[in-house]
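Engineer: What follows is coords_1.txt, compact mmCIF, C-alpha atoms.
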# COMPACT_ATOMS: atom_id res chain seq x y z
CA MET A 164 11.96 10.37 5.57
CA ASN A 165 15.32 8.82 6.18
CA SER A 166 15.77 6.82 9.32
CA HIS A 167 19.20 5.40 8.86
CA SER A 168 21.16 8.42 10.04
CA SER A 169 19.33 8.54 13.35
CA HIS A 170 18.88 4.83 14.00
CA PRO A 171 21.38 2.36 12.51
CA ARG A 172 19.86 -1.10 12.16
CA GLY A 173 21.39 -4.43 12.91
CA LYS A 174 21.70 -7.20 10.36
CA GLU A 175 18.66 -9.05 11.72
CA ASP A 176 16.53 -5.90 11.48
CA ILE A 177 17.62 -5.35 7.87
CA LEU A 178 16.77 -8.95 6.97
CA MET A 179 13.41 -8.79 8.70
CA GLY A 180 12.66 -5.51 6.89
CA ARG A 181 13.49 -7.04 3.51
CA PHE A 182 11.41 -10.08 4.28
CA LEU A 183 8.32 -8.08 5.24
CA LYS A 184 8.70 -5.66 2.31
CA ASN A 185 8.96 -8.61 -0.03
CA TRP A 186 5.75 -10.00 1.42
CA ILE A 187 3.74 -6.79 1.14
CA SER A 188 5.08 -5.88 -2.32
CA ARG A 189 3.42 -9.01 -3.72
CA GLU A 190 0.04 -7.47 -3.11
CA HIS A 191 -1.34 -5.61 -6.13
CA LEU A 192 -2.44 -2.01 -5.81
CA PRO A 193 -6.17 -1.39 -6.36
CA ASN A 194 -7.30 -0.47 -9.87
CA ASN A 195 -9.17 2.72 -10.74
CA GLY A 196 -8.43 4.27 -7.36
CA LYS A 197 -7.56 7.64 -8.84
CA GLU A 198 -10.73 7.82 -10.94
CA ARG A 199 -12.77 6.83 -7.91
CA LEU A 200 -11.08 9.48 -5.76
CA LEU A 201 -11.57 12.32 -8.23
CA ASN A 202 -15.22 11.40 -8.75
CA ALA A 203 -15.71 11.21 -4.99
CA VAL A 204 -14.22 14.70 -4.60
CA ALA A 205 -16.69 16.02 -7.19
CA LYS A 206 -19.51 14.21 -5.38
CA GLN A 207 -18.38 15.64 -2.05
CA ALA A 208 -18.43 19.13 -3.54
CA ILE A 209 -21.98 18.83 -4.83
CA HIS A 210 -23.15 17.43 -1.52
CA GLN A 211 -21.68 20.51 0.09
CA ASN A 212 -24.04 22.48 -2.13
CA SER A 213 -21.39 23.89 -4.38
CA ARG A 214 -22.54 22.66 -7.76
CA LEU A 215 -20.38 25.09 -9.65
CA SER A 216 -17.36 23.92 -7.70
CA ALA A 217 -18.21 20.31 -8.54
CA PHE A 218 -18.60 21.15 -12.18
CA HIS A 219 -15.34 23.08 -12.11
CA LEU A 220 -13.59 20.03 -10.68
CA SER A 221 -15.21 17.79 -13.30
CA THR A 222 -14.04 20.00 -16.13
CA GLN A 223 -10.52 19.96 -14.76
CA HIS A 224 -10.57 16.21 -14.69
CA ASN A 225 -12.28 16.00 -18.10
CA PRO A 226 -11.41 18.89 -20.42
CA SER A 227 -14.23 17.90 -22.79
CA LEU A 228 -17.49 19.52 -21.66
CA ASP A 229 -19.78 16.58 -22.47
CA ILE A 230 -17.50 14.13 -20.63
CA ALA A 231 -17.39 16.55 -17.68
CA PHE A 232 -21.19 16.50 -17.53
CA MET A 233 -21.26 12.72 -17.75
CA THR A 234 -18.64 12.41 -14.99
CA LEU A 235 -20.64 14.77 -12.84
CA ALA A 236 -23.81 12.74 -13.48
CA ARG A 237 -22.01 9.52 -12.58
CA ALA A 238 -20.47 11.00 -9.45
CA THR A 239 -23.66 12.55 -8.14
CA GLY A 240 -26.19 9.97 -9.25
CA TYR A 241 -28.24 12.74 -10.94
CA SER A 242 -29.35 12.36 -14.55
CA LEU A 243 -27.39 14.11 -17.28
CA GLN A 244 -30.38 16.40 -17.92
CA THR A 245 -30.55 17.35 -14.25
CA CYS A 246 -26.84 18.15 -14.14
CA ILE A 247 -27.14 20.37 -17.23
CA SER A 248 -30.25 22.09 -15.93
CA ILE A 249 -28.96 22.90 -12.45
CA LEU A 250 -25.72 24.43 -13.66
CA MET B 4 8.35 14.98 -11.54
CA ILE B 5 6.61 17.89 -9.79
CA ASP B 6 7.45 17.97 -6.07
CA ASP B 7 4.87 17.62 -3.33
CA ARG B 8 5.25 21.25 -2.25
CA ASN B 9 4.01 22.57 -5.60
CA LEU B 10 1.29 19.92 -5.80
CA ILE B 11 -0.02 20.87 -2.34
CA ILE B 12 -0.10 24.55 -3.34
CA GLN B 13 -1.91 23.68 -6.58
CA THR B 14 -4.42 21.49 -4.72
CA GLN B 15 -5.04 24.34 -2.27
CA LYS B 16 -5.92 26.47 -5.30
CA GLY B 17 -8.50 23.88 -6.36
CA ASN B 18 -6.48 22.02 -8.97
CA LEU B 19 -7.87 18.50 -9.02
CA HIS B 20 -5.14 17.24 -11.32
CA ALA B 21 -2.58 18.10 -8.61
CA LEU B 22 -4.51 15.99 -6.10
CA GLY B 23 -4.40 13.14 -8.62
CA LEU B 24 -0.62 13.48 -8.86
CA LEU B 25 -0.27 13.46 -5.05
CA TYR B 26 -2.35 10.29 -5.09
CA ASP B 27 0.01 8.77 -7.69
CA HIS B 28 3.06 9.69 -5.60
CA HIS B 29 1.83 8.20 -2.33
CA LYS B 30 -0.80 5.56 -3.11
CA ALA B 31 1.58 2.58 -2.80
CA MET B 32 2.85 3.71 0.60
CA VAL B 33 -0.64 4.39 1.98
CA TYR B 34 -2.19 1.20 0.57
CA ARG B 35 0.61 -1.14 1.66
CA THR B 36 0.78 0.39 5.13
CA ALA B 37 -2.98 -0.05 5.50
CA LEU B 38 -2.88 -3.58 4.12
CA ALA B 39 -0.06 -4.67 6.41
CA ILE B 40 -2.00 -3.37 9.43
CA THR B 41 -5.52 -4.51 8.50
CA GLY B 42 -4.73 -7.61 6.38
CA ASP B 43 -7.79 -6.77 4.30
CA PRO B 44 -7.30 -5.67 0.64
CA ASP B 45 -10.84 -4.32 0.18
CA ALA B 46 -10.80 -2.37 3.43
CA SER B 47 -7.34 -1.03 2.55
CA ALA B 48 -8.55 0.16 -0.86
CA ASP B 49 -11.38 2.03 0.91
CA LEU B 50 -8.91 3.37 3.46
CA LEU B 51 -6.69 4.66 0.64
CA GLN B 52 -9.68 6.57 -0.72
CA ASP B 53 -10.59 7.90 2.69
CA ALA B 54 -7.04 9.11 3.38
CA PHE B 55 -6.93 11.15 0.16
CA LEU B 56 -10.47 12.48 0.61
CA ARG B 57 -9.32 13.77 4.00
CA LEU B 58 -6.22 15.24 2.39
CA HIS B 59 -8.48 17.14 0.00
CA ARG B 60 -10.84 18.20 2.77
CA PHE B 61 -8.05 19.47 5.02
CA ILE B 62 -5.65 20.66 2.32
CA ASP B 63 -5.80 24.27 3.55
CA ARG B 64 -4.34 23.16 6.89
CA ILE B 65 -1.36 21.44 5.26
CA ASP B 66 1.91 23.39 5.28
CA PRO B 67 3.45 22.96 1.80
CA ASN B 68 6.91 23.60 3.24
CA ARG B 69 6.79 20.50 5.40
CA PRO B 70 6.95 16.90 4.10
CA LEU B 71 3.58 15.30 3.46
CA GLU B 72 4.52 11.73 4.43
CA PRO B 73 4.23 12.14 8.23
CA TRP B 74 0.70 13.55 7.82
CA LEU B 75 -0.27 10.68 5.53
CA TYR B 76 1.26 8.09 7.87
CA ARG B 77 -0.69 9.56 10.79
CA ILE B 78 -3.99 9.52 8.89
CA THR B 79 -3.35 6.01 7.54
CA THR B 80 -2.43 4.49 10.90
CA ASN B 81 -5.35 6.24 12.66
CA LEU B 82 -7.84 4.96 10.09
CA ALA B 83 -6.33 1.46 10.15
CA TYR B 84 -6.34 1.39 13.95
CA THR B 85 -10.02 2.38 14.09
CA LEU B 86 -10.91 -0.19 11.44
CA VAL B 87 -9.11 -3.07 13.18
CA LYS B 88 -10.53 -2.18 16.59
CA ARG B 89 -14.07 -1.89 15.21
CA ARG B 90 -13.74 -5.14 13.29
CA ASN B 91 -12.41 -6.98 16.33
CA ARG B 92 -15.34 -5.76 18.38
CA TRP B 93 -18.11 -6.62 15.90
CA ILE B 94 -16.87 -9.25 13.48
CA LYS B 95 -14.41 -11.39 15.43
CA PRO B 96 -17.05 -12.99 17.68
CA PHE B 97 -18.87 -14.19 14.52
CA GLU B 98 -15.62 -15.49 13.02
CA ASP B 99 -14.89 -17.36 16.25
CA ILE B 100 -18.32 -19.00 16.12
CA ALA B 101 -17.81 -19.93 12.45
CA GLU B 102 -14.39 -21.41 13.25
CA TRP B 103 -15.82 -23.34 16.18
CA LEU B 104 -18.65 -24.71 14.01
CA SER B 105 -16.23 -25.86 11.30
CA ASN B 106 -13.69 -27.26 13.75
CA GLY B 107 -14.50 -30.91 13.12
CA LYS B 108 -14.25 -30.64 9.34
CA ARG B 109 -11.20 -31.95 7.51
CA GLN B 110 -9.24 -29.55 5.38
CA SER B 111 -9.30 -29.89 1.59
CA PRO B 112 -5.95 -30.31 -0.24
CA ASP B 113 -6.29 -26.74 -1.49
CA GLN B 114 -6.74 -25.45 2.03
CA GLN B 115 -3.73 -27.44 3.20
CA ALA B 116 -1.62 -26.01 0.35
CA GLU B 117 -2.78 -22.52 1.25
CA ASP B 118 -1.90 -23.05 4.89
CA ASN B 119 1.60 -24.13 3.87
CA ASP B 120 2.14 -20.97 1.89
CA GLU B 121 4.90 -19.06 3.64
CA TRP B 122 3.31 -15.71 2.82
CA LEU B 123 0.12 -16.79 4.50
CA ILE B 124 2.19 -17.62 7.56
CA VAL B 125 3.71 -14.13 7.48
CA LYS B 126 0.22 -12.64 7.18
CA LYS B 127 -0.94 -14.68 10.19
CA ALA B 128 2.20 -13.74 12.11
CA ILE B 129 1.52 -10.03 11.57
CA ALA B 130 -2.13 -10.54 12.49
CA SER B 131 -1.09 -12.29 15.72
CA LEU B 132 0.41 -9.03 17.02
CA SER B 133 -1.70 -6.52 18.90
CA VAL B 134 -2.75 -3.66 16.64
CA GLU B 135 -0.50 -1.28 18.60
CA GLN B 136 2.54 -3.53 18.06
CA ARG B 137 1.56 -4.16 14.44
CA ILE B 138 1.51 -0.45 13.59
CA VAL B 139 4.99 0.09 15.05
CA VAL B 140 6.40 -3.03 13.35
CA VAL B 141 4.91 -2.00 9.98
CA LEU B 142 6.23 1.58 10.20
CA PHE B 143 9.68 0.39 11.29
CA TYR B 144 10.22 -2.57 8.96
CA ILE B 145 8.05 -1.88 5.92
CA ASN B 146 8.21 1.92 5.82
CA ASP B 147 11.79 2.18 7.15
CA LEU B 148 10.91 4.89 9.67
CA SER B 149 13.13 5.52 12.66
CA ILE B 150 11.96 5.15 16.24
CA LEU B 151 11.95 8.94 16.59
CA GLU B 152 9.86 9.40 13.45
CA ILE B 153 7.39 6.75 14.63
CA SER B 154 7.18 8.49 17.99
CA ASP B 155 6.35 11.80 16.25
CA ILE B 156 3.77 10.27 13.91
CA LEU B 157 1.94 8.26 16.56
CA MET B 158 2.45 10.96 19.20
CA ILE B 159 3.66 8.45 21.79
CA PRO B 160 6.93 8.43 23.81
CA VAL B 161 10.09 6.95 22.28
CA GLY B 162 10.20 4.38 25.10
CA THR B 163 6.74 3.13 24.17
CA VAL B 164 7.79 2.75 20.52
CA LYS B 165 10.88 0.79 21.58
CA SER B 166 8.85 -1.45 23.86
CA ARG B 167 6.18 -2.20 21.22
CA LEU B 168 8.86 -2.84 18.64
CA TYR B 169 10.79 -5.18 20.94
CA TYR B 170 7.79 -7.30 21.91
CA GLY B 171 6.34 -7.16 18.39
CA ARG B 172 9.63 -8.36 16.89
CA GLN B 173 9.93 -11.17 19.42
CA ALA B 174 6.36 -12.33 18.79
CA LEU B 175 6.83 -12.15 15.03
CA LYS B 176 10.04 -14.20 15.07
CA GLN B 177 8.55 -16.72 17.46
CA TYR B 178 5.45 -17.17 15.29
CA ILE B 179 7.43 -17.54 12.06
CA ASP B 180 9.86 -20.01 13.68
CA SER B 181 7.08 -22.15 15.13
CA GLU B 182 4.69 -22.15 12.17
CA GLY B 183 6.87 -22.88 9.20
CA GLU B 184 10.27 -23.59 7.87
CA ILE B 185 10.82 -20.11 6.58
CA ASN B 186 14.38 -18.96 6.25
CA ILE B 187 14.26 -15.19 6.35
CA ARG B 188 17.85 -15.04 5.17
CA GLU B 189 17.01 -16.75 1.86
CA VAL B 190 14.34 -14.29 0.83
CA HIS B 191 15.52 -11.85 -1.81
CA TYR B 192 14.80 -8.15 -1.72
CA GLU B 193 12.12 -7.25 -4.31
CA PHE B 194 10.47 -4.19 -2.84
CA THR B 195 10.22 -1.21 -5.16
What does the file become when written as structure tokens?

Structural biologist:
Amino acid sequence: MNSHSSHPRGKEDILMGRFLKNWISREHLPNNGKERLLNAVAKQAIHQNSRLSAFHLSTQHNPSLDIAFMTLARATGYSLQTCISIL
Amino acid sequence: MIDDRNLIIQTQKGNLHALGLLYDHHKAMVYRTALAITGDPDASADLLQDAFLRLHRFIDRIDPNRPLEPWLYRITTNLAYTLVKRRNRWIKPFEDIAEWLSNGKRQSPDQQAEDNDEWLIVKKAIASLSVEQRIVVVLFYINDLSILEISDILMIPVGTVKSRLYYGRQALKQYIDSEGEINIREVHYEFT
């Protein structure tokens, strides 16, 4: 999205923009957000009663089958045995 | 780098890796927008999650031929607005009581140093704006969106955007001028 062609900014606006960007860029991004998101998506899928879909998503995220089962167990709160038995 | 269009199509087909790449592309924008509006890192991290969970949930409604940013900005500002309003309603009265109870206490040297921190002053200045003004100021100055783009994202008239921006800018400058000796002109550009 480029704003400059439609709304040229004055010098004060440019300085204020730099100042505020500088402030916010000092804040660190959260760690492990991606892992958390992908696990939450798998969890959401199993809560929607689509266990196979959840497992499918886990295997995409973790190509190794045993890690996929462990991820699924972690995401759903079910034991590893339960995850293996229901799929 | 794979473009958003292909990643949206892949996510629509159930490719979780593509969703992860969309997250990588846009996480900084979503998180920093949320943080600038809410001022709360933990709540902003949760909001980042929520925004991408919604993207996954509603991915079939997303048109891959249109840019994703406006959709993400709309979700982020809506979630941040709800969070700030809810927090003001339920938590602020308790904070006011706590502040009133601790009013007579002297500040420690650490607290004084913290209060002198110019970035803390900026944070307080942003927080002093109404949430409606704050959202417009953040989208205009931090995200570099035009007035027209902000109007489209927030679905409000251009005149309203201009008015909120004008009063928000005035309040921000006034707060910064009165609270500290910050020279905006001396701050170097570091945003990436």

Engineer: Take atom CA of B:Leu123 and atom CA of B:Asp147 and report the distance between them in Å, one decimal.

Structural biologist: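 Atom CA of B:Leu123 sits 22.4 Å away from atom CA of B:Asp147.
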
Engineer: Atom CA of B:Tyr26 and atom CA of B:Ala39 are how many Å apart?

Structural biologist: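 Computed distance, atom CA of B:Tyr26 to atom CA of B:Ala39, equals 19.0 Å.
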
Engineer: Show me, as JSON, numbers by chain, the residues that have an atom within 7 Å of stretch 197-201 of chain A when counting all atoms listed in the file, minus same-chain residues fewer than 4 positions from it.

Structural biologist: {"A": [205], "B": [23, 26, 52]}

Engineer: Quick one: write out the picked residues with C-alpha atoms as a compact mmCIF listing (two decimals), in the coordinates of the input?

Structural biologist:
# COMPACT_ATOMS: atom_id res chain seq x y z
CA ALA A 205 -16.69 16.02 -7.19
CA GLY B 23 -4.40 13.14 -8.62
CA TYR B 26 -2.35 10.29 -5.09
CA GLN B 52 -9.68 6.57 -0.72

Engineer: Counting only C-alpha atoms, figure out which residue out of B:Ala130, B:Ile62, B:Ala48, B:Ile179 gets nearest to chain A.

Structural biologist: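 Closest to chain A of all the choices is B:Ala48.
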
Engineer: By how many Å are atom CA of A:Pro171 and atom CA of B:Arg8 apart?

Structural biologist: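 Answer for the atom CA of A:Pro171 to atom CA of B:Arg8 separation: 28.9 Å.
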
Engineer: Counting only C-alpha atoms, which residues come within 9 Å of (5.2, -1.9, 14.1), with the point read in the file's coordinates, and could you list them as a list of chain:residue names?

Structural biologist: B:Ile40, B:Val134, B:Glu135, B:Gln136, B:Arg137, B:Ile138, B:Val139, B:Val140, B:Val141, B:Leu142, B:Phe143, B:Tyr144, B:Ile145, B:Ile153, B:Val164, B:Arg167, B:Leu168, B:Gly171, B:Arg172

Engineer: Using all atoms listed in the file, can you tell me which of B:Ile156, B:Ile5, B:His59, B:Asn91 comes closest to B:Asn18?

Structural biologist: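 Closest to B:Asn18 of all the choices is B:His59.
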
Engineer: Around the point (-3.0, -8.7, -4.4) in the file's coordinates, collect all residues with an atom within 12 Å, using all atoms listed in the file, and return them as an MDAnalysis selection string.

Structural biologist: (chainID A and resid 186:194) or (chainID B and resid 34:35 38:39 42:45 47:48 122)

Engineer: Keeping only C-alpha atoms, write those residues as a compact mmCIF listing (two decimals), in the frame of the given file.

Structural biologist:
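Result file is out.txt:
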# COMPACT_ATOMS: atom_id res chain seq x y z
CA TRP A 186 5.75 -10.00 1.42
CA ILE A 187 3.74 -6.79 1.14
CA SER A 188 5.08 -5.88 -2.32
CA ARG A 189 3.42 -9.01 -3.72
CA GLU A 190 0.04 -7.47 -3.11
CA HIS A 191 -1.34 -5.61 -6.13
CA LEU A 192 -2.44 -2.01 -5.81
CA PRO A 193 -6.17 -1.39 -6.36
CA ASN A 194 -7.30 -0.47 -9.87
CA TYR B 34 -2.19 1.20 0.57
CA ARG B 35 0.61 -1.14 1.66
CA LEU B 38 -2.88 -3.58 4.12
CA ALA B 39 -0.06 -4.67 6.41
CA GLY B 42 -4.73 -7.61 6.38
CA ASP B 43 -7.79 -6.77 4.30
CA PRO B 44 -7.30 -5.67 0.64
CA ASP B 45 -10.84 -4.32 0.18
CA SER B 47 -7.34 -1.03 2.55
CA ALA B 48 -8.55 0.16 -0.86
CA TRP B 122 3.31 -15.71 2.82

Engineer: When you look at B:Leu25 with a cut-off of 8 Å (counting all atoms listed in the file), what residues show up, excluding the ones that are within fewer than 4 positions of it in the same chain? I need them as a tab-separated table (two decimals) with C-alpha atoms, in the frame of the given file.

Structural biologist:
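Output file selection_2.tsv follows:
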chain	number	residue	atom	x	y	z
B	7	ASP	CA	4.87	17.62	-3.33
B	10	LEU	CA	1.29	19.92	-5.80
B	11	ILE	CA	-0.02	20.87	-2.34
B	21	ALA	CA	-2.58	18.10	-8.61
B	29	HIS	CA	1.83	8.20	-2.33

Engineer: Nearest to A:Met179: which of B:Gln15, B:Thr163, B:Asn68, B:Gln173 is it, counting only C-alpha atoms?

Structural biologist: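 Using only C-alpha atoms, A:Met179 sits closest to B:Gln173.
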
Engineer: Nearest to chain A: which of B:Ala174, B:Ile12, B:Ile150, B:Leu132 is it, counting only C-alpha atoms?

Structural biologist: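 Comparing B:Ala174, B:Ile12, B:Ile150, B:Leu132 against chain A, the winner is B:Ile150.
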
Engineer: Determine the nearest neighbour of chain A from the options B:Ala128, B:Pro160, B:Leu24, B:Leu148, counting all atoms listed in the file.

Structural biologist: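 Among B:Ala128, B:Pro160, B:Leu24, B:Leu148, it is B:Leu148 that comes nearest to chain A.
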
Engineer: From the list B:Ala46, B:Thr41, B:Ile124, B:Pro73, which residue is nearest B:Lys88 when using only C-alpha atoms?

Structural biologist: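 With only C-alpha atoms as the atom set, the closest residue is B:Thr41.
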